[in-house]
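Asker: Take a look at structure_28.pdb, PDB, C-alpha atoms, pLDDT in the B column:
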```
ATOM      1  CA  MET A   1     -79.835  59.220 133.080  1.00 97.00           C
ATOM      2  CA  LEU A   2     -79.711  61.551 136.097  1.00 99.00           C
ATOM      3  CA  VAL A   3     -77.328  60.546 138.868  1.00 99.00           C
ATOM      4  CA  LEU A   4     -76.584  61.936 142.328  1.00 99.00           C
ATOM      5  CA  ALA A   5     -72.937  61.459 143.356  1.00 99.00           C
ATOM      6  CA  VAL A   6     -71.412  62.032 146.803  1.00 99.00           C
ATOM      7  CA  ASP A   7     -68.034  61.471 148.429  1.00 98.00           C
ATOM      8  CA  THR A   8     -66.682  62.024 151.946  1.00 98.00           C
ATOM      9  CA  SER A   9     -63.430  60.047 151.731  1.00 97.00           C
ATOM     10  CA  THR A  10     -61.247  63.176 151.926  1.00 96.00           C
ATOM     11  CA  PRO A  11     -61.453  66.444 153.907  1.00 95.00           C
ATOM     12  CA  PHE A  12     -63.815  67.659 151.167  1.00 96.00           C
ATOM     13  CA  VAL A  13     -67.602  67.275 151.371  1.00 98.00           C
ATOM     14  CA  THR A  14     -68.616  66.553 147.780  1.00 98.00           C
ATOM     15  CA  ALA A  15     -72.051  66.288 146.188  1.00 99.00           C
ATOM     16  CA  GLY A  16     -73.354  66.758 142.685  1.00 99.00           C
ATOM     17  CA  VAL A  17     -75.997  65.887 140.135  1.00 99.00           C
ATOM     18  CA  CYS A  18     -74.820  64.665 136.740  1.00 99.00           C
ATOM     19  CA  ARG A  19     -76.395  63.676 133.455  1.00 99.00           C
ATOM     20  CA  LEU A  20     -75.011  60.425 132.021  1.00 98.00           C
ATOM     21  CA  VAL A  21     -75.568  59.508 128.374  1.00 97.00           C
ATOM     22  CA  PRO A  22     -74.014  56.801 126.183  1.00 93.00           C
ATOM     23  CA  GLY A  23     -71.364  57.959 123.736  1.00 83.00           C
ATOM     24  CA  ASP A  24     -69.928  56.639 120.493  1.00 80.00           C
ATOM     25  CA  ARG A  25     -66.780  55.540 122.339  1.00 84.00           C
ATOM     26  CA  ASP A  26     -67.075  56.544 125.987  1.00 87.00           C
ATOM     27  CA  PRO A  27     -70.085  57.590 128.060  1.00 93.00           C
ATOM     28  CA  GLN A  28     -70.581  61.326 128.434  1.00 96.00           C
ATOM     29  CA  VAL A  29     -70.969  62.792 131.914  1.00 98.00           C
ATOM     30  CA  ASP A  30     -72.146  66.375 132.362  1.00 98.00           C
ATOM     31  CA  ALA A  31     -72.251  67.977 135.807  1.00 98.00           C
ATOM     32  CA  LEU A  32     -75.529  69.860 136.257  1.00 99.00           C
ATOM     33  CA  ALA A  33     -74.757  71.106 139.773  1.00 99.00           C
ATOM     34  CA  THR A  34     -71.861  70.598 142.170  1.00 98.00           C
ATOM     35  CA  ARG A  35     -71.178  71.586 145.766  1.00 98.00           C
ATOM     36  CA  VAL A  36     -67.758  71.036 147.347  1.00 97.00           C
ATOM     37  CA  THR A  37     -66.618  72.312 150.749  1.00 97.00           C
ATOM     38  CA  GLU A  38     -63.315  71.590 152.479  1.00 96.00           C
ATOM     39  CA  ASP A  39     -64.099  70.815 156.115  1.00 95.00           C
ATOM     40  CA  ALA A  40     -63.026  67.450 157.500  1.00 92.00           C
ATOM     41  CA  ARG A  41     -65.060  68.008 160.680  1.00 93.00           C
ATOM     42  CA  ALA A  42     -68.362  68.861 159.005  1.00 95.00           C
ATOM     43  CA  HIS A  43     -69.155  65.946 156.708  1.00 96.00           C
ATOM     44  CA  ALA A  44     -72.335  65.097 158.629  1.00 96.00           C
ATOM     45  CA  GLU A  45     -73.508  68.715 158.860  1.00 97.00           C
ATOM     46  CA  LEU A  46     -72.865  69.682 155.244  1.00 98.00           C
ATOM     47  CA  LEU A  47     -73.553  66.661 153.049  1.00 98.00           C
ATOM     48  CA  THR A  48     -77.359  66.646 153.092  1.00 98.00           C
ATOM     49  CA  PRO A  49     -77.611  70.444 152.569  1.00 98.00           C
ATOM     50  CA  HIS A  50     -75.175  70.106 149.660  1.00 99.00           C
ATOM     51  CA  ILE A  51     -77.358  67.399 148.102  1.00 99.00           C
ATOM     52  CA  LEU A  52     -80.504  69.516 148.422  1.00 98.00           C
ATOM     53  CA  GLU A  53     -78.729  72.584 147.032  1.00 98.00           C
ATOM     54  CA  CYS A  54     -77.583  70.587 144.004  1.00 99.00           C
ATOM     55  CA  LEU A  55     -81.091  69.316 143.307  1.00 99.00           C
ATOM     56  CA  THR A  56     -82.464  72.855 143.537  1.00 99.00           C
ATOM     57  CA  ALA A  57     -79.747  74.247 141.277  1.00 98.00           C
ATOM     58  CA  ALA A  58     -80.392  71.499 138.714  1.00 98.00           C
ATOM     59  CA  GLY A  59     -84.150  72.073 138.884  1.00 98.00           C
ATOM     60  CA  LEU A  60     -84.837  68.486 139.909  1.00 98.00           C
ATOM     61  CA  THR A  61     -86.809  66.653 142.550  1.00 98.00           C
ATOM     62  CA  PRO A  62     -85.255  63.621 144.272  1.00 98.00           C
ATOM     63  CA  ARG A  63     -87.548  61.191 142.462  1.00 98.00           C
ATOM     64  CA  GLU A  64     -86.354  62.431 139.079  1.00 98.00           C
ATOM     65  CA  LEU A  65     -82.984  60.839 139.835  1.00 99.00           C
ATOM     66  CA  ASP A  66     -82.255  57.439 138.313  1.00 98.00           C
ATOM     67  CA  ALA A  67     -79.417  56.320 140.593  1.00 99.00           C
ATOM     68  CA  VAL A  68     -77.013  57.303 143.365  1.00 99.00           C
ATOM     69  CA  VAL A  69     -73.219  56.862 143.311  1.00 99.00           C
ATOM     70  CA  VAL A  70     -71.025  57.097 146.412  1.00 99.00           C
ATOM     71  CA  GLY A  71     -67.282  56.940 147.001  1.00 98.00           C
ATOM     72  CA  ILE A  72     -66.509  54.025 149.331  1.00 98.00           C
ATOM     73  CA  GLY A  73     -62.936  55.002 150.123  1.00 97.00           C
ATOM     74  CA  PRO A  74     -60.308  54.382 151.105  1.00 97.00           C
ATOM     75  CA  GLY A  75     -60.679  57.056 153.722  1.00 95.00           C
ATOM     76  CA  PRO A  76     -61.114  57.759 157.436  1.00 91.00           C
ATOM     77  CA  PHE A  77     -63.666  55.646 159.277  1.00 91.00           C
ATOM     78  CA  THR A  78     -66.005  58.454 160.337  1.00 91.00           C
ATOM     79  CA  GLY A  79     -65.981  60.298 157.023  1.00 92.00           C
ATOM     80  CA  LEU A  80     -66.786  57.206 154.985  1.00 95.00           C
ATOM     81  CA  ARG A  81     -69.659  56.268 157.281  1.00 95.00           C
ATOM     82  CA  VAL A  82     -71.293  59.660 156.740  1.00 97.00           C
ATOM     83  CA  GLY A  83     -71.179  59.528 152.961  1.00 98.00           C
ATOM     84  CA  MET A  84     -72.194  55.908 152.600  1.00 98.00           C
ATOM     85  CA  ALA A  85     -75.005  56.058 155.155  1.00 98.00           C
ATOM     86  CA  THR A  86     -76.402  59.236 153.603  1.00 98.00           C
ATOM     87  CA  ALA A  87     -76.233  57.820 150.078  1.00 98.00           C
ATOM     88  CA  ALA A  88     -77.866  54.558 151.121  1.00 98.00           C
ATOM     89  CA  ALA A  89     -80.662  56.308 153.017  1.00 98.00           C
ATOM     90  CA  PHE A  90     -81.317  58.738 150.182  1.00 98.00           C
ATOM     91  CA  ALA A  91     -81.432  55.958 147.574  1.00 98.00           C
ATOM     92  CA  ASP A  92     -83.734  53.889 149.754  1.00 98.00           C
ATOM     93  CA  ALA A  93     -86.108  56.811 150.262  1.00 98.00           C
ATOM     94  CA  ILE A  94     -86.591  57.227 146.503  1.00 98.00           C
ATOM     95  CA  SER A  95     -86.313  53.505 145.656  1.00 98.00           C
ATOM     96  CA  ARG A  96     -83.248  53.919 143.464  1.00 98.00           C
ATOM     97  CA  PRO A  97     -80.060  51.808 143.260  1.00 98.00           C
ATOM     98  CA  VAL A  98     -76.898  53.012 144.992  1.00 99.00           C
ATOM     99  CA  HIS A  99     -73.542  52.120 143.444  1.00 99.00           C
ATOM    100  CA  GLY A 100     -70.293  52.265 145.417  1.00 98.00           C
ATOM    101  CA  VAL A 101     -67.027  53.105 143.641  1.00 98.00           C
ATOM    102  CA  CYS A 102     -63.428  53.358 144.817  1.00 98.00           C
ATOM    103  CA  SER A 103     -62.817  57.027 145.618  1.00 98.00           C
ATOM    104  CA  LEU A 104     -59.280  56.838 144.215  1.00 98.00           C
ATOM    105  CA  ASP A 105     -60.749  55.627 140.907  1.00 98.00           C
ATOM    106  CA  GLY A 106     -63.009  58.673 140.969  1.00 98.00           C
ATOM    107  CA  LEU A 107     -60.041  60.932 141.667  1.00 97.00           C
ATOM    108  CA  ALA A 108     -58.146  59.403 138.742  1.00 97.00           C
ATOM    109  CA  ALA A 109     -61.133  60.001 136.446  1.00 97.00           C
ATOM    110  CA  THR A 110     -61.354  63.584 137.719  1.00 97.00           C
ATOM    111  CA  ALA A 111     -57.662  64.073 136.957  1.00 95.00           C
ATOM    112  CA  ARG A 112     -58.110  62.715 133.410  1.00 94.00           C
ATOM    113  CA  ALA A 113     -60.878  65.231 132.798  1.00 94.00           C
ATOM    114  CA  ALA A 114     -58.557  67.981 134.106  1.00 92.00           C
ATOM    115  CA  GLY A 115     -55.897  67.071 131.550  1.00 90.00           C
ATOM    116  CA  ALA A 116     -53.753  64.394 133.188  1.00 90.00           C
ATOM    117  CA  THR A 117     -52.524  61.843 130.671  1.00 89.00           C
ATOM    118  CA  GLY A 118     -50.541  58.619 130.645  1.00 93.00           C
ATOM    119  CA  ASP A 119     -49.815  56.588 133.761  1.00 94.00           C
ATOM    120  CA  LEU A 120     -51.022  58.103 137.043  1.00 94.00           C
ATOM    121  CA  VAL A 121     -50.345  57.637 140.732  1.00 94.00           C
ATOM    122  CA  VAL A 122     -53.176  59.000 142.880  1.00 95.00           C
ATOM    123  CA  VAL A 123     -52.417  59.957 146.495  1.00 95.00           C
ATOM    124  CA  THR A 124     -54.708  61.109 149.330  1.00 96.00           C
ATOM    125  CA  ASP A 125     -54.071  61.822 153.001  1.00 94.00           C
ATOM    126  CA  ALA A 126     -54.535  58.840 155.330  1.00 94.00           C
ATOM    127  CA  ARG A 127     -53.442  60.713 158.496  1.00 89.00           C
ATOM    128  CA  ARG A 128     -50.819  59.238 160.829  1.00 86.00           C
ATOM    129  CA  ARG A 129     -48.225  60.584 158.332  1.00 86.00           C
ATOM    130  CA  GLU A 130     -49.438  58.053 155.747  1.00 94.00           C
ATOM    131  CA  ALA A 131     -51.207  58.100 152.396  1.00 95.00           C
ATOM    132  CA  TYR A 132     -53.753  56.095 150.450  1.00 97.00           C
ATOM    133  CA  HIS A 133     -52.581  55.479 146.921  1.00 97.00           C
ATOM    134  CA  ALA A 134     -53.209  53.596 143.687  1.00 97.00           C
ATOM    135  CA  ARG A 135     -51.615  53.429 140.256  1.00 96.00           C
ATOM    136  CA  TYR A 136     -53.385  53.640 136.883  1.00 97.00           C
ATOM    137  CA  SER A 137     -52.320  52.850 133.333  1.00 96.00           C
ATOM    138  CA  ALA A 138     -52.832  55.177 130.385  1.00 94.00           C
ATOM    139  CA  ASP A 139     -56.100  53.438 129.472  1.00 92.00           C
ATOM    140  CA  GLY A 140     -57.540  54.213 132.914  1.00 92.00           C
ATOM    141  CA  ALA A 141     -57.251  50.730 134.420  1.00 95.00           C
ATOM    142  CA  ARG A 142     -56.089  50.475 138.023  1.00 97.00           C
ATOM    143  CA  THR A 143     -52.869  48.433 138.049  1.00 96.00           C
ATOM    144  CA  SER A 144     -52.113  48.482 141.786  1.00 95.00           C
ATOM    145  CA  GLY A 145     -53.823  49.490 144.992  1.00 92.00           C
ATOM    146  CA  PRO A 146     -55.611  50.843 146.765  1.00 97.00           C
ATOM    147  CA  MET A 147     -52.959  50.672 149.485  1.00 96.00           C
ATOM    148  CA  VAL A 148     -51.978  52.613 152.585  1.00 96.00           C
ATOM    149  CA  GLY A 149     -48.502  53.419 153.871  1.00 95.00           C
ATOM    150  CA  PRO A 150     -45.886  56.160 154.264  1.00 94.00           C
ATOM    151  CA  ALA A 151     -45.983  58.564 151.324  1.00 91.00           C
ATOM    152  CA  ALA A 152     -42.197  58.432 151.062  1.00 90.00           C
ATOM    153  CA  GLY A 153     -42.489  54.760 150.141  1.00 91.00           C
ATOM    154  CA  ILE A 154     -44.787  55.287 147.153  1.00 91.00           C
ATOM    155  CA  ASP A 155     -43.005  54.379 143.929  1.00 83.00           C
ATOM    156  CA  SER A 156     -43.949  56.915 141.256  1.00 82.00           C
ATOM    157  CA  ASP A 157     -40.904  56.417 139.065  1.00 80.00           C
ATOM    158  CA  GLY A 158     -41.851  56.352 135.407  1.00 82.00           C
ATOM    159  CA  VAL A 159     -45.387  57.683 135.806  1.00 88.00           C
ATOM    160  CA  ASP A 160     -46.611  60.662 133.830  1.00 91.00           C
ATOM    161  CA  HIS A 161     -48.568  62.407 136.594  1.00 89.00           C
ATOM    162  CA  LEU A 162     -48.785  62.438 140.374  1.00 91.00           C
ATOM    163  CA  VAL A 163     -52.245  63.506 141.507  1.00 93.00           C
ATOM    164  CA  GLY A 164     -53.769  64.350 144.871  1.00 92.00           C
ATOM    165  CA  ASP A 165     -53.006  65.796 148.288  1.00 92.00           C
ATOM    166  CA  PRO A 166     -50.222  68.417 147.980  1.00 89.00           C
ATOM    167  CA  VAL A 167     -48.596  67.597 151.334  1.00 91.00           C
ATOM    168  CA  ARG A 168     -48.374  63.875 150.626  1.00 91.00           C
ATOM    169  CA  LEU A 169     -47.235  64.501 147.046  1.00 88.00           C
ATOM    170  CA  GLY A 170     -44.428  66.637 148.459  1.00 87.00           C
ATOM    171  CA  GLU A 171     -43.349  63.727 150.642  1.00 90.00           C
ATOM    172  CA  VAL A 172     -43.321  61.422 147.613  1.00 87.00           C
ATOM    173  CA  THR A 173     -41.062  63.718 145.601  1.00 82.00           C
ATOM    174  CA  ALA A 174     -38.890  64.610 148.620  1.00 81.00           C
ATOM    175  CA  ALA A 175     -38.071  60.908 148.932  1.00 80.00           C
ATOM    176  CA  GLY A 176     -36.555  61.004 145.462  1.00 74.00           C
ATOM    177  CA  HIS A 177     -39.421  59.531 143.466  1.00 70.00           C
ATOM    178  CA  ALA A 178     -39.962  61.242 140.134  1.00 63.00           C
ATOM    179  CA  ALA A 179     -42.912  61.921 137.844  1.00 65.00           C
ATOM    180  CA  ALA A 180     -43.215  63.877 134.624  1.00 62.00           C
ATOM    181  CA  GLY A 181     -45.954  66.088 136.060  1.00 76.00           C
ATOM    182  CA  ILE A 182     -47.665  66.896 139.359  1.00 78.00           C
ATOM    183  CA  LEU A 183     -51.353  67.816 139.488  1.00 74.00           C
ATOM    184  CA  GLU A 184     -52.038  69.345 142.912  1.00 74.00           C
ATOM    185  CA  ALA A 185     -55.229  71.136 141.870  1.00 81.00           C
ATOM    186  CA  VAL A 186     -57.191  67.862 141.884  1.00 90.00           C
ATOM    187  CA  THR A 187     -57.321  66.781 145.523  1.00 91.00           C
ATOM    188  CA  ALA A 188     -60.685  64.984 145.716  1.00 94.00           C
ATOM    189  CA  PRO A 189     -62.953  63.131 143.298  1.00 97.00           C
ATOM    190  CA  ASP A 190     -65.621  65.333 141.754  1.00 98.00           C
ATOM    191  CA  PRO A 191     -69.162  64.090 141.053  1.00 98.00           C
ATOM    192  CA  ALA A 192     -68.532  63.674 137.327  1.00 98.00           C
ATOM    193  CA  GLY A 193     -65.458  61.537 138.030  1.00 98.00           C
ATOM    194  CA  LEU A 194     -67.403  59.294 140.393  1.00 99.00           C
ATOM    195  CA  VAL A 195     -70.213  58.855 137.865  1.00 99.00           C
ATOM    196  CA  ALA A 196     -67.698  58.125 135.096  1.00 98.00           C
ATOM    197  CA  VAL A 197     -66.343  55.196 137.117  1.00 98.00           C
ATOM    198  CA  ALA A 198     -69.829  53.785 137.678  1.00 98.00           C
ATOM    199  CA  ALA A 199     -71.008  54.533 134.122  1.00 98.00           C
ATOM    200  CA  PRO A 200     -70.572  51.024 132.632  1.00 96.00           C
ATOM    201  CA  ASP A 201     -72.711  49.448 135.356  1.00 97.00           C
ATOM    202  CA  LEU A 202     -75.238  52.277 135.343  1.00 98.00           C
ATOM    203  CA  LEU A 203     -75.805  52.146 131.594  1.00 97.00           C
ATOM    204  CA  ALA A 204     -75.924  48.349 131.566  1.00 96.00           C
ATOM    205  CA  GLY A 205     -78.472  48.288 134.363  1.00 96.00           C
ATOM    206  CA  THR A 206     -76.208  46.069 136.454  1.00 97.00           C
ATOM    207  CA  ALA A 207     -77.470  45.481 139.972  1.00 96.00           C
ATOM    208  CA  PRO A 208     -75.074  47.148 142.438  1.00 97.00           C
ATOM    209  CA  ALA A 209     -73.087  45.132 144.944  1.00 95.00           C
ATOM    210  CA  PRO A 210     -73.742  45.750 148.650  1.00 96.00           C
ATOM    211  CA  LEU A 211     -71.908  48.823 149.924  1.00 96.00           C
ATOM    212  CA  GLU A 212     -68.669  47.859 151.647  1.00 95.00           C
ATOM    213  CA  PRO A 213     -66.302  50.600 152.855  1.00 96.00           C
ATOM    214  CA  LEU A 214     -62.614  50.471 151.964  1.00 95.00           C
ATOM    215  CA  TYR A 215     -61.029  51.300 155.314  1.00 92.00           C
ATOM    216  CA  LEU A 216     -57.683  49.506 154.662  1.00 90.00           C
ATOM    217  CA  ARG A 217     -56.880  49.761 158.367  1.00 73.00           C
ATOM    218  CA  ARG A 218     -58.531  49.933 161.773  1.00 57.00           C
ATOM    219  CA  PRO A 219     -60.182  53.204 162.873  1.00 53.00           C
ATOM    220  CA  ASP A 220     -58.076  55.811 164.688  1.00 49.00           C
ATOM    221  CA  ALA A 221     -60.367  55.653 167.727  1.00 46.00           C
ATOM    222  CA  VAL A 222     -60.594  52.265 169.436  1.00 48.00           C
ATOM    223  CA  PRO A 223     -62.426  51.276 172.622  1.00 48.00           C
ATOM    224  CA  PRO A 224     -60.197  51.337 175.714  1.00 50.00           C
ATOM    225  CA  ARG A 225     -59.041  48.000 176.983  1.00 54.00           C
ATOM    226  CA  ARG A 226     -60.736  46.753 180.109  1.00 55.00           C
ATOM    227  CA  ALA A 227     -58.443  47.263 183.075  1.00 49.00           C
ATOM    228  CA  ALA A 228     -57.160  44.162 184.825  1.00 50.00           C
ATOM    229  CA  PRO A 229     -58.764  43.504 188.235  1.00 52.00           C
ATOM    230  CA  SER A 230     -56.931  45.273 191.030  1.00 44.00           C
ATOM    231  CA  THR A 231     -55.036  43.108 193.510  1.00 47.00           C
ATOM    232  CA  ALA A 232     -54.731  45.891 196.078  1.00 44.00           C
ATOM    233  CA  LEU A 233     -57.694  44.712 198.141  1.00 42.00           C
ATOM    234  CA  ARG A 234     -57.042  40.996 198.039  1.00 48.00           C
ATOM    235  CA  GLY A 235     -57.286  39.485 201.483  1.00 49.00           C
ATOM    236  CA  VAL A 236     -59.145  42.488 202.909  1.00 43.00           C
ATOM    237  CA  ARG A 237     -62.398  41.537 204.570  1.00 47.00           C
ATOM    238  CA  ARG A 238     -65.470  43.626 203.893  1.00 42.00           C
TER     239      ARG A 238
END
```
Render the structure in this file as structure tokens.
Answerer:
Amino acid sequence: MLVLAVDTSTPFVTAGVCRLVPGDRDPQVDALATRVTEDARAHAELLTPHILECLTAAGLTPRELDAVVVGIGPGPFTGLRVGMATAAAFADAISRPVHGVCSLDGLAATARAAGATGDLVVVTDARRREAYHARYSADGARTSGPMVGPAAGIDSDGVDHLVGDPVRLGEVTAAGHAAAGILEAVTAPDPAGLVAVAAPDLLAGTAPAPLEPLYLRRPDAVPPRRAAPSTALRGVRR
């Protein structure tokens, strides 16, 4: 099964094409082509070119894909909209299903593939001096989250690895929370991690749920409130 995976929940613009095959115990995911660029202001400009570059590098046409997977957050409002809208439009154009997965789950799967073991706490930047975070058991199951709040308030005591944004991880440890290991090299979910999360549904042929973004809070930009009517001209004849 050939799967396109994209994510724009972090400052990274991520796209990739993966091959998914059943395994004796766990599904096997092989990345055929990956493009990742760190630029929080260029999600819209870079995502589609990244997708096309990955297809070219993998020697595939869009219609050779079997499915599309997209990270649905948590993440900033604008970034998530870009990734999800692009994934949905691409899947619709080739009449393929699009599966949404929690981006933190994808990051946890990416960390496992990079060598993280045991219990994990995954942390990404939520701006406003806050972090998105979730906790995972040794078997990969999410046991809490996703949540958003000050990084200093994230309880990582007793976990084996902290994973994610280096700045926010520093705030976690500076607050006195401990972990056996810190994995700063994995800061965003890679395509293989995203596909690994969706693998059970993909291989079972499960119909995907409608895409719903995980914002966790209101967007940073909000419409201005309408000003109250001025009383300065009351009683003045026109």
Asker: Fewer than 2 positions away in the same chain doesn't count, so skip those; otherwise give me all residues within 10 Å of Ala91 in chain A, counting all atoms listed in the file, as JSON, numbers by chain.
Answerer: {"A": [4, 62, 63, 65, 66, 67, 68, 69, 85, 86, 87, 88, 89, 93, 94, 95, 96, 97, 98, 99]}
Asker: Take the PyMOL selection byres ((chain A and resi 202-206) around 9), apply it to the structure above, and return the hits as a list of chain:residue names.
Answerer: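 Checking the PyMOL selection byres ((chain A and resi 202-206) around 9) against this file, the residues are A:Met1, A:Leu20, A:Val21, A:Pro22, A:Pro27, A:Ala67, A:His99, A:Val195, A:Ala198, A:Ala199, A:Pro200, A:Asp201, A:Ala207, A:Pro208.
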Asker: Distance CA of His50 in chain A-CA of Gly193 in chain A, one decimal place?
Answerer: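 According to the coordinates, CA of His50 in chain A and CA of Gly193 in chain A are separated by 17.4 Å.
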Asker: One decimal, Å: what's the distance from CA of Glu212 in chain A over to CA of Arg127 in chain A, could you say?
Answerer: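 Computed distance, CA of Glu212 in chain A to CA of Arg127 in chain A, equals 21.1 Å.
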Asker: Please determine an axis-aligned box that encloses all atoms of range 20-25 of chain A listed in the file, with 5 Å added on each side, and express its centre and edge lengths in Å to one decimal as lines of an AutoDock Vina configuration file.
Answerer:
```
center_x = -71.2
center_y = 58.0
center_z = 126.3
size_x = 18.8
size_y = 14.9
size_z = 21.5
```
Asker: For His177 in chain A, please output as a VMD selection string all residues within 10 Å (counting only C-alpha atoms; exclusion window: fewer than 2 positions along the same chain).
Answerer: chain A and resid 152 to 159 169 171 to 175 179
Asker: Taking the file as shown, find all residues satisfying the PyMOL selection byres ((chain A and resi 37-49) around 7) and write them as an MDAnalysis selection string.
Answerer: chainID A and resid 8 11:14 35:36 50:53 79 82
Asker: With the PyMOL selection byres ((chain A and resi 162) around 8) as the selection, what would be picked from this file? Answer as an MDAnalysis selection string, please.
Answerer: chainID A and resid 120:123 156 159:161 163:164 169 179 181:183
Asker: Between A:Ala138, A:Val186, A:Leu2, A:Val17, which has the minimum distance to Ala111 in chain A (counting all atoms listed in the file)?
Answerer: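 Using all atoms listed in the file, the shortest distance to Ala111 in chain A belongs to A:Val186.
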Asker: Go ahead and compute the interatomic distance for CA of Gly16 in chain A and CA of Leu55 in chain A, in Å to one decimal.
Answerer: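 Computing the Euclidean distance for CA of Gly16 in chain A and CA of Leu55 in chain A yields 8.2 Å.
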Asker: Would you kindly return, as a list in words, each protein, DNA or RNA residue with an atom no farther than 8 Å from any atom of Pro166 in chain A, considering only C-alpha atoms and excluding same-chain residues fewer than 3 positions away?
Answerer: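 Once the nearby chain positions are removed, what remains is Leu169, Gly170, Glu184 and Thr187 of chain A.
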Asker: Limited to C-alpha atoms, could you put the picked residues into a file as a PDB file, in the frame of the given file?
Answerer:
```
ATOM      1  CA  LEU A 169     -47.235  64.501 147.046  1.00 88.00           C
ATOM      2  CA  GLY A 170     -44.428  66.637 148.459  1.00 87.00           C
ATOM      3  CA  GLU A 184     -52.038  69.345 142.912  1.00 74.00           C
ATOM      4  CA  THR A 187     -57.321  66.781 145.523  1.00 91.00           C
TER       5      THR A 187
END
```
Asker: Using only C-alpha atoms for the distances, tell me which of A:Ala188, A:Ala196, A:Leu107, A:Ala151 is nearest to Ala31 in chain A.
Answerer: A:Ala196
Asker: Of the candidates A:Gly106, A:Gly73, A:Gly83, A:Gly176, which one gets nearest to Val148 in chain A if we count all atoms listed in the file?
Answerer: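 Looking only at the distances to Val148 in chain A, the closest residue turns out to be A:Gly73.
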Asker: Find, counting all atoms listed in the file, the residue in A:Asp92, A:Val101, A:Leu80, A:Arg129 that gets nearest to Ala5 in chain A.
Answerer: A:Val101
Asker: Missing atoms in range 160-171 of chain A: can you complete it with N, CA and C atoms, as a CSV table (one decimal), keeping the file's coordinate frame?
Answerer:
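Contents of the output file result21.csv:
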```
chain,number,residue,atom,x,y,z
A,160,ASP,N,-46.5,59.4,134.5
A,160,ASP,CA,-46.6,60.7,133.8
A,160,ASP,C,-47.1,61.8,134.7
A,161,HIS,N,-48.0,61.4,135.7
A,161,HIS,CA,-48.6,62.4,136.6
A,161,HIS,C,-48.8,61.8,138.0
A,162,LEU,N,-48.4,62.7,139.0
A,162,LEU,CA,-48.8,62.4,140.4
A,162,LEU,C,-50.0,63.3,140.7
A,163,VAL,N,-51.0,62.8,141.3
A,163,VAL,CA,-52.2,63.5,141.5
A,163,VAL,C,-52.7,63.4,143.0
A,164,GLY,N,-53.2,64.5,143.6
A,164,GLY,CA,-53.8,64.4,144.9
A,164,GLY,C,-53.3,65.4,145.9
A,165,ASP,N,-53.3,64.9,147.1
A,165,ASP,CA,-53.0,65.8,148.3
A,165,ASP,C,-51.6,66.4,148.2
A,166,PRO,N,-51.5,67.8,148.2
A,166,PRO,CA,-50.2,68.4,148.0
A,166,PRO,C,-49.2,68.0,149.0
A,167,VAL,N,-49.6,67.9,150.3
A,167,VAL,CA,-48.6,67.6,151.3
A,167,VAL,C,-48.0,66.2,151.1
A,168,ARG,N,-48.9,65.2,150.8
A,168,ARG,CA,-48.4,63.9,150.6
A,168,ARG,C,-47.6,63.8,149.3
A,169,LEU,N,-48.0,64.5,148.3
A,169,LEU,CA,-47.2,64.5,147.0
A,169,LEU,C,-45.8,65.1,147.3
A,170,GLY,N,-45.7,66.1,148.1
A,170,GLY,CA,-44.4,66.6,148.5
A,170,GLY,C,-43.5,65.6,149.1
A,171,GLU,N,-44.1,64.8,150.0
A,171,GLU,CA,-43.3,63.7,150.6
A,171,GLU,C,-42.9,62.7,149.6
```
